[in-house]
Each structure stands twice: as C-alpha cells, then as structure tokens.
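Novice: Dropping in input.cif, with mmCIF, C-alpha atoms.
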data_upload
loop_
_atom_site.group_PDB
_atom_site.id
_atom_site.type_symbol
_atom_site.label_atom_id
_atom_site.label_comp_id
_atom_site.auth_asym_id
_atom_site.auth_seq_id
_atom_site.Cartn_x
_atom_site.Cartn_y
_atom_site.Cartn_z
ATOM 1 C CA PRO A 1 -1.017 70.982 70.173
ATOM 2 C CA SER A 2 -3.248 70.665 67.172
ATOM 3 C CA SER A 3 -6.888 70.833 66.240
ATOM 4 C CA SER A 4 -9.073 69.528 63.448
ATOM 5 C CA LEU A 5 -10.183 72.189 61.029
ATOM 6 C CA PHE A 6 -12.807 71.494 58.384
ATOM 7 C CA ALA A 7 -12.733 73.152 54.986
ATOM 8 C CA SER A 8 -15.954 74.411 53.437
ATOM 9 C CA SER A 9 -16.612 71.286 51.446
ATOM 10 C CA SER A 10 -18.455 68.653 53.465
ATOM 11 C CA SER A 11 -16.478 65.930 51.655
ATOM 12 C CA THR A 12 -13.145 67.273 52.835
ATOM 13 C CA PRO A 13 -11.755 65.345 55.820
ATOM 14 C CA PRO A 14 -10.613 67.170 58.958
ATOM 15 C CA ILE A 15 -7.081 68.530 58.889
ATOM 16 C CA LYS A 16 -4.827 68.603 61.937
ATOM 17 C CA THR A 17 -3.245 72.025 62.141
ATOM 18 C CA ASN A 18 -0.159 73.478 63.809
ATOM 19 C CA ASP A 19 -1.918 75.509 66.477
ATOM 20 C CA GLU A 20 1.311 76.536 68.194
ATOM 21 C CA VAL A 21 2.407 78.679 65.244
ATOM 22 C CA LYS A 22 -0.960 79.941 63.977
ATOM 23 C CA ASP A 23 -4.477 80.209 65.367
ATOM 24 C CA PRO A 24 -6.455 77.826 63.109
ATOM 25 C CA THR A 25 -9.496 80.086 63.129
ATOM 26 C CA THR A 26 -7.468 82.774 61.334
ATOM 27 C CA LEU A 27 -6.173 80.521 58.552
ATOM 28 C CA ILE A 28 -7.391 81.062 54.998
ATOM 29 C CA SER A 29 -8.887 77.555 55.159
ATOM 30 C CA ALA A 30 -11.182 78.751 57.972
ATOM 31 C CA GLN A 31 -12.689 81.522 55.850
ATOM 32 C CA ASP A 32 -15.705 81.337 53.557
ATOM 33 C CA SER A 33 -15.510 79.447 50.253
ATOM 34 C CA THR A 34 -15.178 82.540 48.081
ATOM 35 C CA THR A 35 -12.316 83.911 50.166
ATOM 36 C CA GLN A 36 -10.515 80.567 50.013
ATOM 37 C CA GLN A 37 -10.906 80.322 46.252
ATOM 38 C CA LEU A 38 -9.792 83.895 45.579
ATOM 39 C CA SER A 39 -6.856 83.486 47.953
ATOM 40 C CA PHE A 40 -5.681 80.352 46.161
ATOM 41 C CA LEU A 41 -5.912 82.051 42.773
ATOM 42 C CA ALA A 42 -4.137 85.159 44.074
ATOM 43 C CA ILE A 43 -1.271 83.175 45.621
ATOM 44 C CA GLY A 44 -0.904 81.011 42.522
ATOM 45 C CA SER A 45 -0.836 84.086 40.298
ATOM 46 C CA GLY A 46 1.723 85.696 42.593
ATOM 47 C CA ILE A 47 4.015 82.680 42.325
ATOM 48 C CA PHE A 48 3.729 82.722 38.528
ATOM 49 C CA LEU A 49 4.533 86.438 38.347
ATOM 50 C CA GLY A 50 7.361 85.926 40.826
ATOM 51 C CA SER A 51 8.854 83.255 38.592
ATOM 52 C CA ILE A 52 8.777 85.692 35.673
ATOM 53 C CA ALA A 53 10.637 88.230 37.822
ATOM 54 C CA PHE A 54 13.286 85.631 38.688
ATOM 55 C CA LEU A 55 13.597 84.666 35.018
ATOM 56 C CA ASN A 56 14.298 88.297 34.147
ATOM 57 C CA LEU A 57 16.843 88.408 36.969
ATOM 58 C CA TYR A 58 18.637 85.339 35.625
ATOM 59 C CA ASP A 59 18.657 86.857 32.121
ATOM 60 C CA THR A 60 20.173 90.053 33.499
ATOM 61 C CA LEU A 61 22.824 88.193 35.465
ATOM 62 C CA GLU A 62 23.755 86.188 32.380
ATOM 63 C CA VAL A 63 24.371 89.427 30.500
ATOM 64 C CA ILE A 64 26.363 91.267 33.155
ATOM 65 C CA LEU A 65 28.382 88.372 34.574
ATOM 66 C CA PRO A 66 31.404 86.844 32.818
ATOM 67 C CA PRO A 67 30.469 83.611 31.012
ATOM 68 C CA SER A 68 32.768 81.591 33.263
ATOM 69 C CA ILE A 69 30.857 82.798 36.323
ATOM 70 C CA PHE A 70 27.389 82.091 34.945
ATOM 71 C CA ALA A 71 28.309 78.788 33.233
ATOM 72 C CA PRO A 72 27.622 76.648 36.352
ATOM 73 C CA PHE A 73 23.963 77.659 35.991
ATOM 74 C CA TYR A 74 23.842 75.321 32.988
ATOM 75 C CA THR A 75 26.406 72.706 34.023
ATOM 76 C CA ILE A 76 26.354 72.277 37.807
ATOM 77 C CA LEU A 77 22.971 73.578 38.958
ATOM 78 C CA PRO A 78 20.967 71.065 36.852
ATOM 79 C CA CYS A 79 22.936 68.221 38.458
ATOM 80 C CA VAL A 80 22.327 69.557 41.955
ATOM 81 C CA LEU A 81 18.612 70.012 41.363
ATOM 82 C CA SER A 82 18.341 66.619 39.642
ATOM 83 C CA GLY A 83 19.907 64.965 42.662
ATOM 84 C CA ALA A 84 17.506 66.800 44.952
ATOM 85 C CA PHE A 85 14.512 65.691 42.872
ATOM 86 C CA ILE A 86 15.680 62.075 42.830
ATOM 87 C CA ALA A 87 16.175 62.089 46.599
ATOM 88 C CA ALA A 88 12.790 63.728 47.136
ATOM 89 C CA GLY A 89 11.110 61.214 44.844
ATOM 90 C CA ILE A 90 12.545 58.292 46.818
ATOM 91 C CA ALA A 91 11.496 59.978 50.060
ATOM 92 C CA HIS A 92 7.876 59.998 48.844
ATOM 93 C CA PHE A 93 7.939 56.248 49.478
ATOM 94 C CA ALA A 94 10.466 55.997 52.308
ATOM 95 C CA LEU A 95 8.643 58.666 54.329
ATOM 96 C CA GLU A 96 5.152 58.069 53.015
ATOM 97 C CA ASP A 97 3.175 59.741 55.797
ATOM 98 C CA THR A 98 5.332 62.859 55.565
ATOM 99 C CA PHE A 99 4.669 63.423 51.890
ATOM 100 C CA THR A 100 1.019 62.408 51.863
ATOM 101 C CA ALA A 101 0.496 65.170 54.438
ATOM 102 C CA PHE A 102 1.486 67.693 51.755
ATOM 103 C CA VAL A 103 -1.298 66.622 49.380
ATOM 104 C CA PRO A 104 -4.309 68.987 49.403
ATOM 105 C CA PRO A 105 -7.449 66.921 50.084
ATOM 106 C CA LYS A 106 -10.020 66.945 47.331
ATOM 107 C CA GLY A 107 -12.434 69.801 47.932
ATOM 108 C CA SER A 108 -9.818 72.098 49.468
ATOM 109 C CA TRP A 109 -10.060 75.867 49.004
ATOM 110 C CA GLY A 110 -13.815 76.022 49.257
ATOM 111 C CA GLY A 111 -14.356 73.142 46.852
ATOM 112 C CA LEU A 112 -12.062 74.600 44.174
ATOM 113 C CA TRP A 113 -9.572 71.720 44.299
ATOM 114 C CA GLN A 114 -11.136 68.899 42.281
ATOM 115 C CA VAL A 115 -8.097 67.148 40.811
ATOM 116 C CA PRO A 116 -9.107 63.525 40.127
ATOM 117 C CA SER A 117 -7.224 60.368 41.072
ATOM 118 C CA PRO A 118 -8.201 57.940 38.291
ATOM 119 C CA GLY A 119 -7.642 54.316 39.161
ATOM 120 C CA SER A 120 -6.847 54.945 42.813
ATOM 121 C CA ASN A 121 -9.604 52.621 44.023
ATOM 122 C CA GLN A 122 -8.430 49.806 41.786
ATOM 123 C CA LEU A 123 -4.871 50.309 43.062
ATOM 124 C CA GLY A 124 -6.043 50.377 46.665
ATOM 125 C CA LEU A 125 -4.605 53.853 47.238
ATOM 126 C CA THR A 126 -6.017 56.828 49.086
ATOM 127 C CA TYR A 127 -6.320 60.162 47.291
ATOM 128 C CA GLU A 128 -3.229 61.416 49.115
ATOM 129 C CA GLN A 129 -1.178 58.291 48.384
ATOM 130 C CA TYR A 130 -2.111 58.392 44.708
ATOM 131 C CA HIS A 131 -0.853 61.923 44.163
ATOM 132 C CA SER A 132 2.172 61.510 46.405
ATOM 133 C CA PHE A 133 3.262 58.328 44.634
ATOM 134 C CA TRP A 134 2.869 59.495 41.046
ATOM 135 C CA SER A 135 4.691 62.740 41.783
ATOM 136 C CA GLY A 136 7.467 60.805 43.543
ATOM 137 C CA ILE A 137 7.895 58.514 40.545
ATOM 138 C CA ALA A 138 7.887 61.534 38.232
ATOM 139 C CA GLU A 139 10.562 63.289 40.320
ATOM 140 C CA VAL A 140 12.881 60.279 40.110
ATOM 141 C CA PHE A 141 12.222 59.887 36.382
ATOM 142 C CA VAL A 142 12.712 63.480 35.218
ATOM 143 C CA GLY A 143 15.510 64.043 37.728
ATOM 144 C CA SER A 144 17.429 61.056 36.379
ATOM 145 C CA TRP A 145 16.718 62.114 32.806
ATOM 146 C CA LEU A 146 18.019 65.645 33.320
ATOM 147 C CA LEU A 147 21.076 64.356 35.208
ATOM 148 C CA ILE A 148 22.022 61.966 32.410
ATOM 149 C CA ALA A 149 21.291 64.558 29.725
ATOM 150 C CA THR A 150 23.512 67.112 31.498
ATOM 151 C CA LEU A 151 26.444 64.815 32.286
ATOM 152 C CA LEU A 152 26.261 62.628 29.177
ATOM 153 C CA PRO A 153 24.541 64.688 26.485
ATOM 154 C CA GLY A 154 25.743 62.383 23.718
ATOM 155 C CA VAL A 155 23.769 59.471 25.158
ATOM 156 C CA LEU A 156 20.441 61.072 24.323
ATOM 157 C CA PRO A 157 19.765 62.101 20.708
ATOM 158 C CA LEU A 158 18.591 65.519 19.604
ATOM 159 C CA THR A 159 15.017 65.889 18.423
ATOM 160 C CA LEU A 160 14.129 68.027 15.422
ATOM 161 C CA ILE A 161 10.822 69.858 15.538
ATOM 162 C CA THR A 162 9.966 71.703 12.341
ATOM 163 C CA TYR A 163 7.429 74.508 12.130
ATOM 164 C CA GLY A 164 6.352 75.334 8.601
ATOM 165 C CA SER A 165 9.685 74.814 6.891
ATOM 166 C CA CYS A 166 12.465 72.250 7.138
ATOM 167 C CA GLU A 167 14.938 75.039 6.414
ATOM 168 C CA ASP A 168 14.568 76.533 9.881
ATOM 169 C CA PRO A 169 13.804 73.729 12.346
ATOM 170 C CA LEU A 170 13.562 74.187 16.081
ATOM 171 C CA ILE A 171 16.100 71.834 17.628
ATOM 172 C CA PHE A 172 15.479 70.302 21.034
ATOM 173 C CA SER A 173 18.744 69.434 22.755
ATOM 174 C CA ALA A 174 19.178 66.464 25.083
ATOM 175 C CA THR A 175 18.122 68.546 28.108
ATOM 176 C CA THR A 176 15.060 70.257 26.602
ATOM 177 C CA ILE A 177 12.415 67.693 27.458
ATOM 178 C CA PRO A 178 13.647 66.813 30.981
ATOM 179 C CA ALA A 179 14.147 70.490 31.856
ATOM 180 C CA ALA A 180 10.629 71.253 30.647
ATOM 181 C CA GLY A 181 9.425 68.211 32.585
ATOM 182 C CA MET A 182 11.036 69.573 35.739
ATOM 183 C CA TYR A 183 9.269 72.899 35.161
ATOM 184 C CA PHE A 184 5.839 71.357 34.720
ATOM 185 C CA LEU A 185 6.339 68.957 37.627
ATOM 186 C CA THR A 186 7.352 71.847 39.880
ATOM 187 C CA ALA A 187 4.252 73.734 38.728
ATOM 188 C CA CYS A 188 2.090 70.675 39.442
ATOM 189 C CA VAL A 189 3.291 70.379 43.042
ATOM 190 C CA THR A 190 3.084 74.120 43.733
ATOM 191 C CA PRO A 191 -0.481 73.772 45.118
ATOM 192 C CA ALA A 192 1.009 71.563 47.855
ATOM 193 C CA ASN A 193 3.116 74.504 48.998
ATOM 194 C CA ILE A 194 0.098 76.808 48.859
ATOM 195 C CA TYR A 195 -1.812 74.236 50.916
ATOM 196 C CA MET A 196 0.880 74.325 53.596
ATOM 197 C CA TYR A 197 0.308 78.068 53.965
ATOM 198 C CA THR A 198 -3.465 78.212 53.707
ATOM 199 C CA HIS A 199 -4.153 75.146 55.887
ATOM 200 C CA ASN A 200 -0.963 74.896 58.000
ATOM 201 C CA PRO A 201 -1.292 71.108 58.496
ATOM 202 C CA LEU A 202 0.802 68.977 60.792
ATOM 203 C CA VAL A 203 3.500 67.137 58.819
ATOM 204 C CA PRO A 204 5.188 64.133 60.446
ATOM 205 C CA ARG A 205 8.955 64.530 61.025
ATOM 206 C CA ILE A 206 9.044 68.109 59.729
ATOM 207 C CA PRO A 207 9.030 71.044 62.180
ATOM 208 C CA ALA A 208 6.380 73.672 61.572
ATOM 209 C CA LEU A 209 7.571 76.619 59.515
ATOM 210 C CA PRO A 210 7.439 80.040 61.174
ATOM 211 C CA TYR A 211 4.154 81.612 60.156
ATOM 212 C CA PRO A 212 4.026 83.467 57.813
ATOM 213 C CA VAL A 213 7.737 84.197 57.199
ATOM 214 C CA GLY A 214 8.705 80.573 56.605
ATOM 215 C CA HIS A 215 5.911 80.104 54.085
ATOM 216 C CA ALA A 216 6.857 83.330 52.314
ATOM 217 C CA ALA A 217 10.412 82.010 51.972
ATOM 218 C CA ARG A 218 9.024 78.744 50.597
ATOM 219 C CA GLY A 219 7.023 80.722 48.038
ATOM 220 C CA VAL A 220 10.085 82.694 46.934
ATOM 221 C CA LEU A 221 12.020 79.438 46.533
ATOM 222 C CA GLN A 222 9.190 78.055 44.406
ATOM 223 C CA CYS A 223 9.371 81.135 42.158
ATOM 224 C CA ALA A 224 13.133 80.728 41.829
ATOM 225 C CA LEU A 225 12.873 77.017 40.955
ATOM 226 C CA LEU A 226 10.214 77.573 38.304
ATOM 227 C CA ALA A 227 12.382 80.273 36.738
ATOM 228 C CA VAL A 228 15.475 78.039 36.769
ATOM 229 C CA PHE A 229 13.733 75.228 34.909
ATOM 230 C CA CYS A 230 12.148 77.688 32.485
ATOM 231 C CA LYS A 231 15.542 79.201 31.686
ATOM 232 C CA LEU A 232 17.185 75.796 31.321
ATOM 233 C CA THR A 233 14.460 74.830 28.870
ATOM 234 C CA ILE A 234 14.785 78.026 26.819
ATOM 235 C CA HIS A 235 18.592 77.807 26.818
ATOM 236 C CA SER A 236 18.473 74.223 25.568
ATOM 237 C CA LEU A 237 16.576 75.188 22.411
ATOM 238 C CA GLN A 238 18.908 75.720 19.477
#
Output the file's structure as structure tokens, nothing else.
Specialist:
Amino acid sequence: PSSSLFASSSSTPPIKTNDEVKDPTTLISAQDSTTQQLSFLAIGSGIFLGSIAFLNLYDTLEVILPPSIFAPFYTILPCVLSGAFIAAGIAHFALEDTFTAFVPPKGSWGGLWQVPSPGSNQLGLTYEQYHSFWSGIAEVFVGSWLLIATLLPGVLPLTLITYGSCEDPLIFSATTIPAAGMYFLTACVTPANIYMYTHNPLVPRIPALPYPVGHAARGVLQCALLAVFCKLTIHSLQ
C-alpha cells in the first residue's frame, strides 16, 4: 500500500510512499518547512563528518597493516568501484523509472531543494529524467576513466600543477582527476539517499528498505564511499 504525500512547497508533486514500512505522517517530509530544512542540513552534515571519520580509519589501517594487506585498497578496490559505477550508470537508462524515483523533486525539504535543470525543456526531459540521465552519463564516464587509469596508468599522462614555484610542483597522477570526480559525483548524488530516508518513496523493482535501520546502513555506506574516493585522490598526489 502507498499514499501520496505532499511536501511543503505547492510546486512539489505528490510522492507515493512506502506505507507498509513507515507511517507517512511521521516522515520528515510531512513536517513543517523549517523542520525539513534543518533535518536535511543535519543529515548532510552528519554524512560529511562520518566520511571524515572513515578517512581517519583508513589512514590508521594503512599505518598498522602490512603494506601487502592494504595495497588492494589502491589496486583492486578502485576497479571494483569503477565497475559498480559503470553498471549503475548504464542502469540509469536501462531501468529509467527506478532511478528517476531516486531524484528529489524540486522544492523538496520545505522548498530548500532548488537545483536547476537547464535545458531540460528543450531536451524534452522531466526534472527527474534530466538529473538521472546526466548523473548516469557521469558515472559511466568517471568510472571508465578511473578503471583505465588504475589498470593502464601509462595510457594517461601526468599533469603538473605548480603553485608559486616550478621547483616544487604538485603532480597529479593518472588517477587523481577521476578519483576526485568519483568523490564529487558521490557527493552530488548523496541528496538522493537523504531523500529516500526523509520521503521514503516507492521505487520500482527495489524492495523497501527496513525503516530506519536500512537507511542508516545506506548512510554509513555513503560515508565510507566518500572517504574511499577522498583517500584515493590524496594518495594519487605526488
């Protein structure tokens, strides 16, 4: 069973919610605008701080573990995550209605969410399609870039970035830009995960997560992913 729940903004379309796992009247999206906005900011801040905690954990593990044990973090894990991003990016188009359901409608969180969709009308795309499609394309692009850079580092040249003096340049390795791209892309889609918790929408083909434990686990995974890409980026700088 599901019901339509309206956010505070009158321009926000109704959202079908998973009533069997959570009473829609108790969702954050059913609260007043100020509560929704503060909740979004609090959850986003918590994910950022959680990613910092995971980054410190990875740094500690790198120090205490033998190099041979931690080495797959830089050699195997990027390939695994790249493959996952590429597959997810393709799925944005193969399972369009599934991934458009993850996109927060404009005006969500008491009107706080005002991310534009420039050119969507000219392309004949809805707001949800626009953001699902560009993020899917970006996932395939940066995922492929990081995969190639990890497996075939000699294919992509190094980039020299000099600050103040040519005697001490900051060198970007082949994986620096794609790893940083994966970080920023993961950060960009984090609001979609917050939306799943605060609005609990129905998503075609995907069973509802247990509420709130499943969403908490999703948040922890998001923290861990952000920290992984941050560490890969830092490690790649020479």
Novice: May I have the protein, DNA and RNA residues with an atom at most 10 Å from (3.7, 82.6, 44.9), counting all atoms listed in the file in the file's coordinates, returned as a VMD selection string?
Specialist: chain A and resid 40 to 51 190 to 191 193 to 194 215 to 223
Novice: With distances taken over all atoms listed in the file, which residue among A:Leu112, A:Ser68, A:Ala88, A:Asp97 lies nearest Thr34 in chain A?
Specialist: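 Smallest distance to Thr34 in chain A is found for A:Leu112.
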Novice: Would you please work out which residue, of A:Ser29, A:Gln122, A:Ser132, A:Asn200, is nearest to Ile90 in chain A when using all atoms listed in the file?
Specialist: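 Smallest separation from Ile90 in chain A among the options: A:Ser132.
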Novice: Apply the PyMOL selection byres ((chain A and resi 175) around 12) to the displayed file and report the matching residues as an MDAnalysis selection string.
Specialist: chainID A and resid 74:75 78:79 82 142:159 171:174 176:182 229:238
Novice: Which of these, A:Gly89, A:Gly214, A:Pro104, A:Pro201, has the shortest distance to Ser135 in chain A once you count all atoms listed in the file?
Specialist: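 Of A:Gly89, A:Gly214, A:Pro104, A:Pro201, the one nearest Ser135 in chain A is A:Gly89, counting all atoms listed in the file.
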Novice: Between CA of Tyr183 in chain A and CA of Asn121 in chain A, what distance in Å does the model show, to one decimal?
Specialist: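 Atom-to-atom, CA of Tyr183 in chain A and CA of Asn121 in chain A are spaced 29.1 Å apart.
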Novice: Selection in question (the file shown): the PyMOL selection byres ((chain A and resi 204) around 9). Which residues does it include, as a count of residues only?
Specialist: 10
Novice: Go through A:Trp109, A:Ala71, A:Trp134, A:Gln129 one by one, measure the shortest atom-to-atom distance of each to Gln36 in chain A using only C-alpha atoms, and give the residue with the smallest value.
Specialist: A:Trp109
Novice: Produce the centre coordinates and the three edge lengths, each in Å to one decimal, of the box along x, y and z that contains all listed atoms of range 211-229 of chain A with 5 Å added on each side, as lines of an AutoDock Vina configuration file.
Specialist:
center_x = 9.8
center_y = 79.7
center_z = 47.5
size_x = 21.4
size_y = 19.0
size_z = 35.2
Novice: Could you tell me how far CA of Tyr197 in chain A sits from CA of Tyr58 in chain A, in Å to one decimal place?
Specialist: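 Separation of CA of Tyr58 in chain A and CA of Tyr197 in chain A: 26.9 Å.
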Novice: Any idea what's packed within 10 Å of Tyr127 in chain A, counting only C-alpha atoms, ignoring anything in its chain fewer than 4 positions away? Could you give it as a list in words?
Specialist: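 Everything that qualifies: Thr100, Val103, Pro104, Pro105, Lys106, Val115, Pro116, Ser117, Pro118, Ser120, Asn121, His131 and Ser132 of chain A.
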Novice: Just to confirm, what's the straight-line distance from CA of Asn56 in chain A to CA of Leu226 in chain A in Å (one decimal)?
Specialist: 12.2 Å
Novice: Kindly complete range 180-191 of chain A to all heavy atoms; the output should be written as a PDB file, keeping the file's coordinate frame.
Specialist:
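Output file selection_11.pdb follows:
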ATOM      1  N   ALA A 180      12.034  70.853  30.723  1.00  0.00           N
ATOM      2  CA  ALA A 180      10.629  71.253  30.647  1.00  0.00           C
ATOM      3  C   ALA A 180       9.786  70.394  31.583  1.00  0.00           C
ATOM      4  O   ALA A 180       8.849  70.881  32.227  1.00  0.00           O
ATOM      5  CB  ALA A 180      10.119  71.137  29.215  1.00  0.00           C
ATOM      6  N   GLY A 181      10.140  69.100  31.672  1.00  0.00           N
ATOM      7  CA  GLY A 181       9.425  68.211  32.585  1.00  0.00           C
ATOM      8  C   GLY A 181       9.584  68.640  34.030  1.00  0.00           C
ATOM      9  O   GLY A 181       8.635  68.592  34.816  1.00  0.00           O
ATOM     10  N   MET A 182      10.795  69.091  34.375  1.00  0.00           N
ATOM     11  CA  MET A 182      11.036  69.573  35.739  1.00  0.00           C
ATOM     12  C   MET A 182      10.203  70.826  36.009  1.00  0.00           C
ATOM     13  O   MET A 182       9.687  71.014  37.118  1.00  0.00           O
ATOM     14  CB  MET A 182      12.522  69.882  35.927  1.00  0.00           C
ATOM     15  CG  MET A 182      13.436  68.679  35.824  1.00  0.00           C
ATOM     16  SD  MET A 182      13.566  67.758  37.357  1.00  0.00           S
ATOM     17  CE  MET A 182      15.101  68.395  37.998  1.00  0.00           C
ATOM     18  N   TYR A 183      10.079  71.685  35.003  1.00  0.00           N
ATOM     19  CA  TYR A 183       9.269  72.899  35.161  1.00  0.00           C
ATOM     20  C   TYR A 183       7.811  72.539  35.430  1.00  0.00           C
ATOM     21  O   TYR A 183       7.196  73.034  36.382  1.00  0.00           O
ATOM     22  CB  TYR A 183       9.376  73.777  33.918  1.00  0.00           C
ATOM     23  CG  TYR A 183       8.464  74.990  33.980  1.00  0.00           C
ATOM     24  CD1 TYR A 183       8.883  76.158  34.607  1.00  0.00           C
ATOM     25  CD2 TYR A 183       7.184  74.956  33.435  1.00  0.00           C
ATOM     26  CE1 TYR A 183       8.040  77.269  34.691  1.00  0.00           C
ATOM     27  CE2 TYR A 183       6.341  76.047  33.514  1.00  0.00           C
ATOM     28  CZ  TYR A 183       6.778  77.199  34.147  1.00  0.00           C
ATOM     29  OH  TYR A 183       5.938  78.291  34.235  1.00  0.00           O
ATOM     30  N   PHE A 184       7.253  71.684  34.580  1.00  0.00           N
ATOM     31  CA  PHE A 184       5.839  71.357  34.720  1.00  0.00           C
ATOM     32  C   PHE A 184       5.575  70.554  35.990  1.00  0.00           C
ATOM     33  O   PHE A 184       4.523  70.718  36.623  1.00  0.00           O
ATOM     34  CB  PHE A 184       5.341  70.605  33.483  1.00  0.00           C
ATOM     35  CG  PHE A 184       5.168  71.482  32.280  1.00  0.00           C
ATOM     36  CD1 PHE A 184       6.002  71.364  31.172  1.00  0.00           C
ATOM     37  CD2 PHE A 184       4.175  72.457  32.254  1.00  0.00           C
ATOM     38  CE1 PHE A 184       5.850  72.187  30.077  1.00  0.00           C
ATOM     39  CE2 PHE A 184       4.010  73.288  31.153  1.00  0.00           C
ATOM     40  CZ  PHE A 184       4.856  73.152  30.060  1.00  0.00           C
ATOM     41  N   LEU A 185       6.516  69.703  36.385  1.00  0.00           N
ATOM     42  CA  LEU A 185       6.339  68.957  37.627  1.00  0.00           C
ATOM     43  C   LEU A 185       6.370  69.897  38.828  1.00  0.00           C
ATOM     44  O   LEU A 185       5.566  69.749  39.759  1.00  0.00           O
ATOM     45  CB  LEU A 185       7.430  67.889  37.756  1.00  0.00           C
ATOM     46  CG  LEU A 185       7.368  67.001  38.994  1.00  0.00           C
ATOM     47  CD1 LEU A 185       6.027  66.296  39.089  1.00  0.00           C
ATOM     48  CD2 LEU A 185       8.498  65.978  38.960  1.00  0.00           C
ATOM     49  N   THR A 186       7.288  70.857  38.800  1.00  0.00           N
ATOM     50  CA  THR A 186       7.352  71.847  39.880  1.00  0.00           C
ATOM     51  C   THR A 186       6.059  72.655  39.944  1.00  0.00           C
ATOM     52  O   THR A 186       5.543  72.948  41.024  1.00  0.00           O
ATOM     53  CB  THR A 186       8.553  72.792  39.681  1.00  0.00           C
ATOM     54  OG1 THR A 186       9.757  72.024  39.638  1.00  0.00           O
ATOM     55  CG2 THR A 186       8.661  73.802  40.820  1.00  0.00           C
ATOM     56  N   ALA A 187       5.524  73.006  38.764  1.00  0.00           N
ATOM     57  CA  ALA A 187       4.252  73.734  38.728  1.00  0.00           C
ATOM     58  C   ALA A 187       3.117  72.872  39.287  1.00  0.00           C
ATOM     59  O   ALA A 187       2.237  73.373  39.998  1.00  0.00           O
ATOM     60  CB  ALA A 187       3.942  74.159  37.294  1.00  0.00           C
ATOM     61  N   CYS A 188       3.156  71.576  38.981  1.00  0.00           N
ATOM     62  CA  CYS A 188       2.090  70.675  39.442  1.00  0.00           C
ATOM     63  C   CYS A 188       2.070  70.526  40.958  1.00  0.00           C
ATOM     64  O   CYS A 188       0.995  70.352  41.553  1.00  0.00           O
ATOM     65  CB  CYS A 188       2.264  69.297  38.803  1.00  0.00           C
ATOM     66  SG  CYS A 188       1.765  69.202  37.068  1.00  0.00           S
ATOM     67  N   VAL A 189       3.247  70.565  41.589  1.00  0.00           N
ATOM     68  CA  VAL A 189       3.291  70.379  43.042  1.00  0.00           C
ATOM     69  C   VAL A 189       3.225  71.707  43.799  1.00  0.00           C
ATOM     70  O   VAL A 189       3.197  71.704  45.039  1.00  0.00           O
ATOM     71  CB  VAL A 189       4.552  69.595  43.467  1.00  0.00           C
ATOM     72  CG1 VAL A 189       4.577  68.232  42.797  1.00  0.00           C
ATOM     73  CG2 VAL A 189       5.825  70.364  43.169  1.00  0.00           C
ATOM     74  N   THR A 190       3.185  72.817  43.074  1.00  0.00           N
ATOM     75  CA  THR A 190       3.084  74.120  43.733  1.00  0.00           C
ATOM     76  C   THR A 190       1.844  74.243  44.621  1.00  0.00           C
ATOM     77  O   THR A 190       1.921  74.821  45.714  1.00  0.00           O
ATOM     78  CB  THR A 190       3.120  75.254  42.691  1.00  0.00           C
ATOM     79  OG1 THR A 190       4.418  75.275  42.064  1.00  0.00           O
ATOM     80  CG2 THR A 190       2.875  76.611  43.324  1.00  0.00           C
ATOM     81  N   PRO A 191       0.674  73.704  44.214  1.00  0.00           N
ATOM     82  CA  PRO A 191      -0.481  73.772  45.118  1.00  0.00           C
ATOM     83  C   PRO A 191      -0.219  73.138  46.484  1.00  0.00           C
ATOM     84  O   PRO A 191      -0.848  73.537  47.480  1.00  0.00           O
ATOM     85  CB  PRO A 191      -1.575  73.024  44.345  1.00  0.00           C
ATOM     86  CG  PRO A 191      -1.225  73.266  42.912  1.00  0.00           C
ATOM     87  CD  PRO A 191       0.279  73.209  42.870  1.00  0.00           C
TER      88      PRO A 191
END
